[in-house]
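Please read the structure below before turning to the comments.
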Amino acid sequence: MSKKNLILSILLGFFMAASPAIADMEAAKKWIDSEFSPSTLSKEQQLKEMEWFINAVKSLPKDTSVKVVSETLTTHEYESKVLAKAFTEITGMKVEHELTEEGLVVSKVQNQMKGASLYDGYINDSDLIGTHYRYGKVLPLSDFMTGDGKDVTLPTLDVDDFMGKSFCTAPDGKLYQLPDQQFANLYWFRYDWFTREDFKKQFKEKYGYELGVPVNWSAYEDIADFFTNVVKEIDGKKVYGHMDYGQRHPSLGWRFSDAWFSMAGLGDKGTPNGLPVDEWGIRVEDCKPVGASVSRGGEMNGPSAVYALTKFIDWLYNYAPAEARNMTFSTAGAEPAKGNIAQQIFWYTAFTADMIKPGLPVVNADGTPKWRMAPSPHGAYWEKGMKLGYQDCGSWTIFKNTPLEKQKAAWLYAQFCVSKTVSMKKFLTGLTPIRNSDIMSPILDKEIPKYGGLIEFYRSPAKVAWTPTGTNVPDYPGMAPFWWQELGHATFAKKKTPKEALDSLAAKFDERLGQLEKEGMVNCAPKLNPVKPESEWLGKAPGAAPKAKLENEKPKGETVPYEQLLKAWKEGRAE
């Protein structure tokens, strides 16, 4: 027997002697040996963490169970099928981890907010942080961890290790949700095509600068035109310089609410979200939303928003496959993997696992990707210091109307799903990192070539500019549908101009803010500004929202070599 195994055997024997839960520690060792590897913890540390969970569960009434729900993602499937089973075998607590579509998760959250007690815990997007804070229905975890839940809070939880901590923190400085998984919306491109000498020469001759990762939208548009209208075909197959989707469908709402306007340059400087005007165009004053329309100080229908929507439509119709106009998020997601798309400006890293499968046209024979991901290019209105894109952060949420013992049970299972014992293996399964200690671990060094830039991005200082919807939005479930309902009239069949669609959208938002003002909210309820001529708001302070229309919305294209980008990240620079 090796020295290491001897130590583990002695340690396990100690745990067995110290606790009647002999079978539990045996189960813990089995799971650690067979499943929870690699980990940033040593096996001894993993065993100690599991022993804590065993004892914490024993503090609850016998036969306590927990029921939770999340959307159907690879990461959550792993939790439902593997981690729930492991938690039950190790601690004895029965877990029901239900999976459903994202829209139904939000609907269930809304019903619990209205008083129903449906689940003990939810994994819902941190996009709802403004809603949870203002309605006062959600358990502030900061208070719980030092109060009623102190005895069931994992000593090694290490809240500061979570990359998404700021996403889940409300204006009162309290943590309301705990990150469980996150993925960014980045730029995707065919690295093999971009490095072809014949294409590089053709591109420079036509556009006057190098073919590379686009830094701004002007370059993205030029590259889209180049592959669609100059290259046209590669190996006898029609290729396109852009991919997107435009069907008037609920998923079109994510396409815009997931920070499309921030990429264009709408809103004020600041991270995780612009203040006083955020990337949705909602202005807050003293944490109270005061309007979305320019006439009330917002920017939802301002020149930057018109620019953003116009570019979306132009690119969809001019550079993407014609069928993309009728596609939704689900049907469009797999298109780049078919091998005929040169780049995509709005690509979720959650698709990474599906884009590295052996045999795909976008995967080399050795299993490495022919593509890469990089930071999103920014629009003409963007300035340094603003957020640049969106990051989904599915987070654990527990409601106040859940009985205390069930709150504790949900909190224990939630902590187990994000514990350092399991977090590295969960990342390698779903590719949705949450801990800095995992992403920076040398364990991942050998994994870097497999994922086309995912690990490099999350290790870089640039990642702080990609954030979820922030606290300016007071009713995410009620307001999010407005995006697709109104903007779909402009994107699909072009029944409205971009300005007309945005004016309708801003009016709907202002109407809802007015309703919330009348109804009242526990914290920071909206208080609408009076309507003023737009000219009294537009461009009043340099760089501040709402911004006046630029004389030139297409400056010269700018690109950067991918290798130069990686070098900057390794040196700790964002650009």
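If you're wondering about the labels, chains in the structure tokens are A, B, ... by order shown, residues count from 1 in each chain, ligands from 1 in order shown.
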### Query
Which residues come within 9 Å of Gly92 in chain A, counting only C-alpha atoms, excluding same-chain residues fewer than 3 positions away, as a PyMOL selection string?
chain A and resi 24+54+57-58+63+87-89
### Task
Considering only C-alpha atoms, return as a PyMOL selection string whatever protein or nucleic-acid residues lie within 8 Å of Phe329 in chain A, sequence-local ones (same chain, fewer than 4 positions apart) excluded.
chain A and resi 245+251-252+333
### Message
I need the residues of range 218-291 of chain A that end up classed as helix (DSSP H, G or I) by DSSP on the backbone, written out as a VMD selection string.
### Response
chain A and resid 218 to 231 250 to 257 260 to 264
Write the residues you've just listed into a file as a compact mmCIF listing (two decimals), in the first residue's frame, and include N, CA and C atoms for each of them.
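See out-v4.txt below for the written result:
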```txt
# COMPACT_ATOMS: atom_id res chain seq x y z
N SER A 218 -17.65 48.00 -37.01
CA SER A 218 -17.28 48.30 -38.39
C SER A 218 -16.50 47.14 -38.99
N ALA A 219 -15.54 46.63 -38.22
CA ALA A 219 -14.74 45.49 -38.69
C ALA A 219 -15.60 44.24 -38.81
N TYR A 220 -16.49 44.04 -37.87
CA TYR A 220 -17.36 42.87 -37.95
C TYR A 220 -18.18 42.91 -39.23
N GLU A 221 -18.71 44.08 -39.54
CA GLU A 221 -19.52 44.24 -40.75
C GLU A 221 -18.69 44.00 -42.01
N ASP A 222 -17.46 44.51 -42.03
CA ASP A 222 -16.59 44.29 -43.19
C ASP A 222 -16.28 42.80 -43.36
N ILE A 223 -16.01 42.12 -42.26
CA ILE A 223 -15.71 40.68 -42.33
C ILE A 223 -16.94 39.90 -42.79
N ALA A 224 -18.11 40.31 -42.32
CA ALA A 224 -19.36 39.67 -42.75
C ALA A 224 -19.55 39.83 -44.25
N ASP A 225 -19.29 41.04 -44.75
CA ASP A 225 -19.40 41.31 -46.18
C ASP A 225 -18.36 40.50 -46.96
N PHE A 226 -17.15 40.42 -46.43
CA PHE A 226 -16.07 39.71 -47.11
C PHE A 226 -16.40 38.25 -47.35
N PHE A 227 -16.78 37.54 -46.31
CA PHE A 227 -17.04 36.11 -46.48
C PHE A 227 -18.33 35.84 -47.26
N THR A 228 -19.33 36.71 -47.09
CA THR A 228 -20.60 36.49 -47.78
C THR A 228 -20.52 36.85 -49.26
N ASN A 229 -19.89 37.97 -49.57
CA ASN A 229 -19.94 38.50 -50.93
C ASN A 229 -18.64 38.46 -51.71
N VAL A 230 -17.51 38.23 -51.04
CA VAL A 230 -16.23 38.14 -51.74
C VAL A 230 -15.77 36.68 -51.81
N VAL A 231 -15.66 36.04 -50.66
CA VAL A 231 -15.26 34.63 -50.65
C VAL A 231 -16.36 33.75 -51.23
N PRO A 250 -40.37 34.22 -28.08
CA PRO A 250 -39.79 34.60 -26.78
C PRO A 250 -38.27 34.60 -26.73
N SER A 251 -37.63 33.68 -27.45
CA SER A 251 -36.16 33.65 -27.41
C SER A 251 -35.53 34.87 -28.08
N LEU A 252 -36.29 35.57 -28.93
CA LEU A 252 -35.77 36.80 -29.51
C LEU A 252 -35.56 37.85 -28.41
N GLY A 253 -36.36 37.74 -27.37
CA GLY A 253 -36.20 38.65 -26.24
C GLY A 253 -34.84 38.51 -25.59
N TRP A 254 -34.34 37.26 -25.43
CA TRP A 254 -33.02 37.05 -24.84
C TRP A 254 -31.96 37.69 -25.73
N ARG A 255 -32.21 37.61 -27.04
CA ARG A 255 -31.25 38.15 -28.01
C ARG A 255 -30.95 39.63 -27.75
N PHE A 256 -31.98 40.34 -27.25
CA PHE A 256 -31.79 41.77 -26.98
C PHE A 256 -31.55 42.06 -25.50
N SER A 257 -32.31 41.44 -24.63
CA SER A 257 -32.14 41.71 -23.20
C SER A 257 -30.77 41.22 -22.71
N TRP A 260 -27.43 43.16 -25.87
CA TRP A 260 -27.10 43.61 -27.22
C TRP A 260 -26.86 45.12 -27.25
N PHE A 261 -27.68 45.85 -26.50
CA PHE A 261 -27.53 47.31 -26.51
C PHE A 261 -26.22 47.74 -25.86
N SER A 262 -25.76 47.00 -24.85
CA SER A 262 -24.50 47.35 -24.21
C SER A 262 -23.34 47.18 -25.19
N MET A 263 -23.41 46.18 -26.06
CA MET A 263 -22.38 45.97 -27.06
C MET A 263 -22.33 47.15 -28.03
N ALA A 264 -23.50 47.73 -28.30
CA ALA A 264 -23.57 48.87 -29.20
C ALA A 264 -23.03 50.13 -28.54
```
### Selected residue, from A:Ala365, A:Ser65, A:Lys556, A:Ala507, that lies nearest to Ser295 in chain A when counting only C-alpha atoms
A:Ala507
### Task
Determine, counting only C-alpha atoms, which protein, DNA and RNA residues have an atom within 7 Å of an atom of Met327 in chain A; residues of the same chain fewer than 3 positions away are not included. Present the result as a list of chain:residue names.
A:Tyr245, A:Gly246, A:Gln247, A:Glu323, A:Ala324, A:Thr331, A:Ala332
For the residues in the current selection, export N, CA and C atoms as a PDB file, in the first residue's frame.
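This is the output file again_30.pdb:
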```
ATOM      1  N   TYR A 245     -30.650  34.949 -35.438  1.00  0.00           N
ATOM      2  CA  TYR A 245     -32.027  34.478 -35.594  1.00  0.00           C
ATOM      3  C   TYR A 245     -32.983  35.650 -35.390  1.00  0.00           C
ATOM      4  N   GLY A 246     -34.145  35.625 -36.077  1.00  0.00           N
ATOM      5  CA  GLY A 246     -35.015  36.793 -36.047  1.00  0.00           C
ATOM      6  C   GLY A 246     -36.492  36.532 -35.878  1.00  0.00           C
ATOM      7  N   GLN A 247     -36.886  35.282 -35.631  1.00  0.00           N
ATOM      8  CA  GLN A 247     -38.306  34.961 -35.467  1.00  0.00           C
ATOM      9  C   GLN A 247     -38.909  35.729 -34.293  1.00  0.00           C
ATOM     10  N   GLU A 323     -32.752  31.549 -44.110  1.00  0.00           N
ATOM     11  CA  GLU A 323     -33.603  30.828 -43.158  1.00  0.00           C
ATOM     12  C   GLU A 323     -33.413  31.317 -41.724  1.00  0.00           C
ATOM     13  N   ALA A 324     -32.318  32.033 -41.453  1.00  0.00           N
ATOM     14  CA  ALA A 324     -32.061  32.533 -40.100  1.00  0.00           C
ATOM     15  C   ALA A 324     -33.151  33.490 -39.629  1.00  0.00           C
ATOM     16  N   THR A 331     -33.234  26.642 -32.686  1.00  0.00           N
ATOM     17  CA  THR A 331     -32.951  26.137 -34.030  1.00  0.00           C
ATOM     18  C   THR A 331     -31.686  26.742 -34.621  1.00  0.00           C
ATOM     19  N   ALA A 332     -31.321  27.935 -34.192  1.00  0.00           N
ATOM     20  CA  ALA A 332     -30.141  28.603 -34.747  1.00  0.00           C
ATOM     21  C   ALA A 332     -28.845  28.184 -34.067  1.00  0.00           C
TER      22      ALA A 332
END
```
### Task
With a distance cut-off of 8 Å and only C-alpha atoms, select the neighbouring residues of range 27-35 of chain A, excluding the residue or stretch itself and same-chain residues fewer than 5 positions from it, and output the selection as a PyMOL selection string.
chain A and resi 43+46-47+50+86+89-90+421+425
Among range 155-239 of chain A, which residues does DSSP mark as strand (DSSP E or B) when it is run on the backbone? Keep the chain and numbering as in the structure and answer as a tab-separated table (two decimals) with C-alpha atoms, in the first residue's frame.
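Dumped everything to result_37.tsv:
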```tsv
chain	number	residue	atom	x	y	z
A	162	PHE	CA	-17.32	33.00	-6.81
A	169	THR	CA	-25.54	41.45	-4.74
A	175	LEU	CA	-26.05	38.63	-1.33
A	178	LEU	CA	-25.52	32.08	-4.89
A	179	PRO	CA	-23.91	31.43	-8.32
A	180	ASP	CA	-24.28	27.87	-9.57
A	181	GLN	CA	-23.25	28.13	-13.23
A	182	GLN	CA	-22.37	30.87	-15.66
A	183	PHE	CA	-21.54	31.34	-19.30
A	184	ALA	CA	-20.74	34.35	-21.44
A	185	ASN	CA	-21.99	35.69	-24.72
A	186	LEU	CA	-18.84	36.06	-26.84
A	187	TYR	CA	-17.61	36.40	-30.41
A	188	TRP	CA	-17.10	33.13	-32.34
A	189	PHE	CA	-15.05	32.77	-35.52
A	213	VAL	CA	-10.57	39.47	-34.46
A	214	PRO	CA	-12.85	42.50	-34.88
A	216	ASN	CA	-15.45	47.21	-33.39
A	233	GLU	CA	-17.74	29.58	-51.33
A	234	ILE	CA	-15.18	27.40	-49.57
A	237	LYS	CA	-19.94	25.12	-50.15
A	238	LYS	CA	-21.76	28.45	-49.81
```
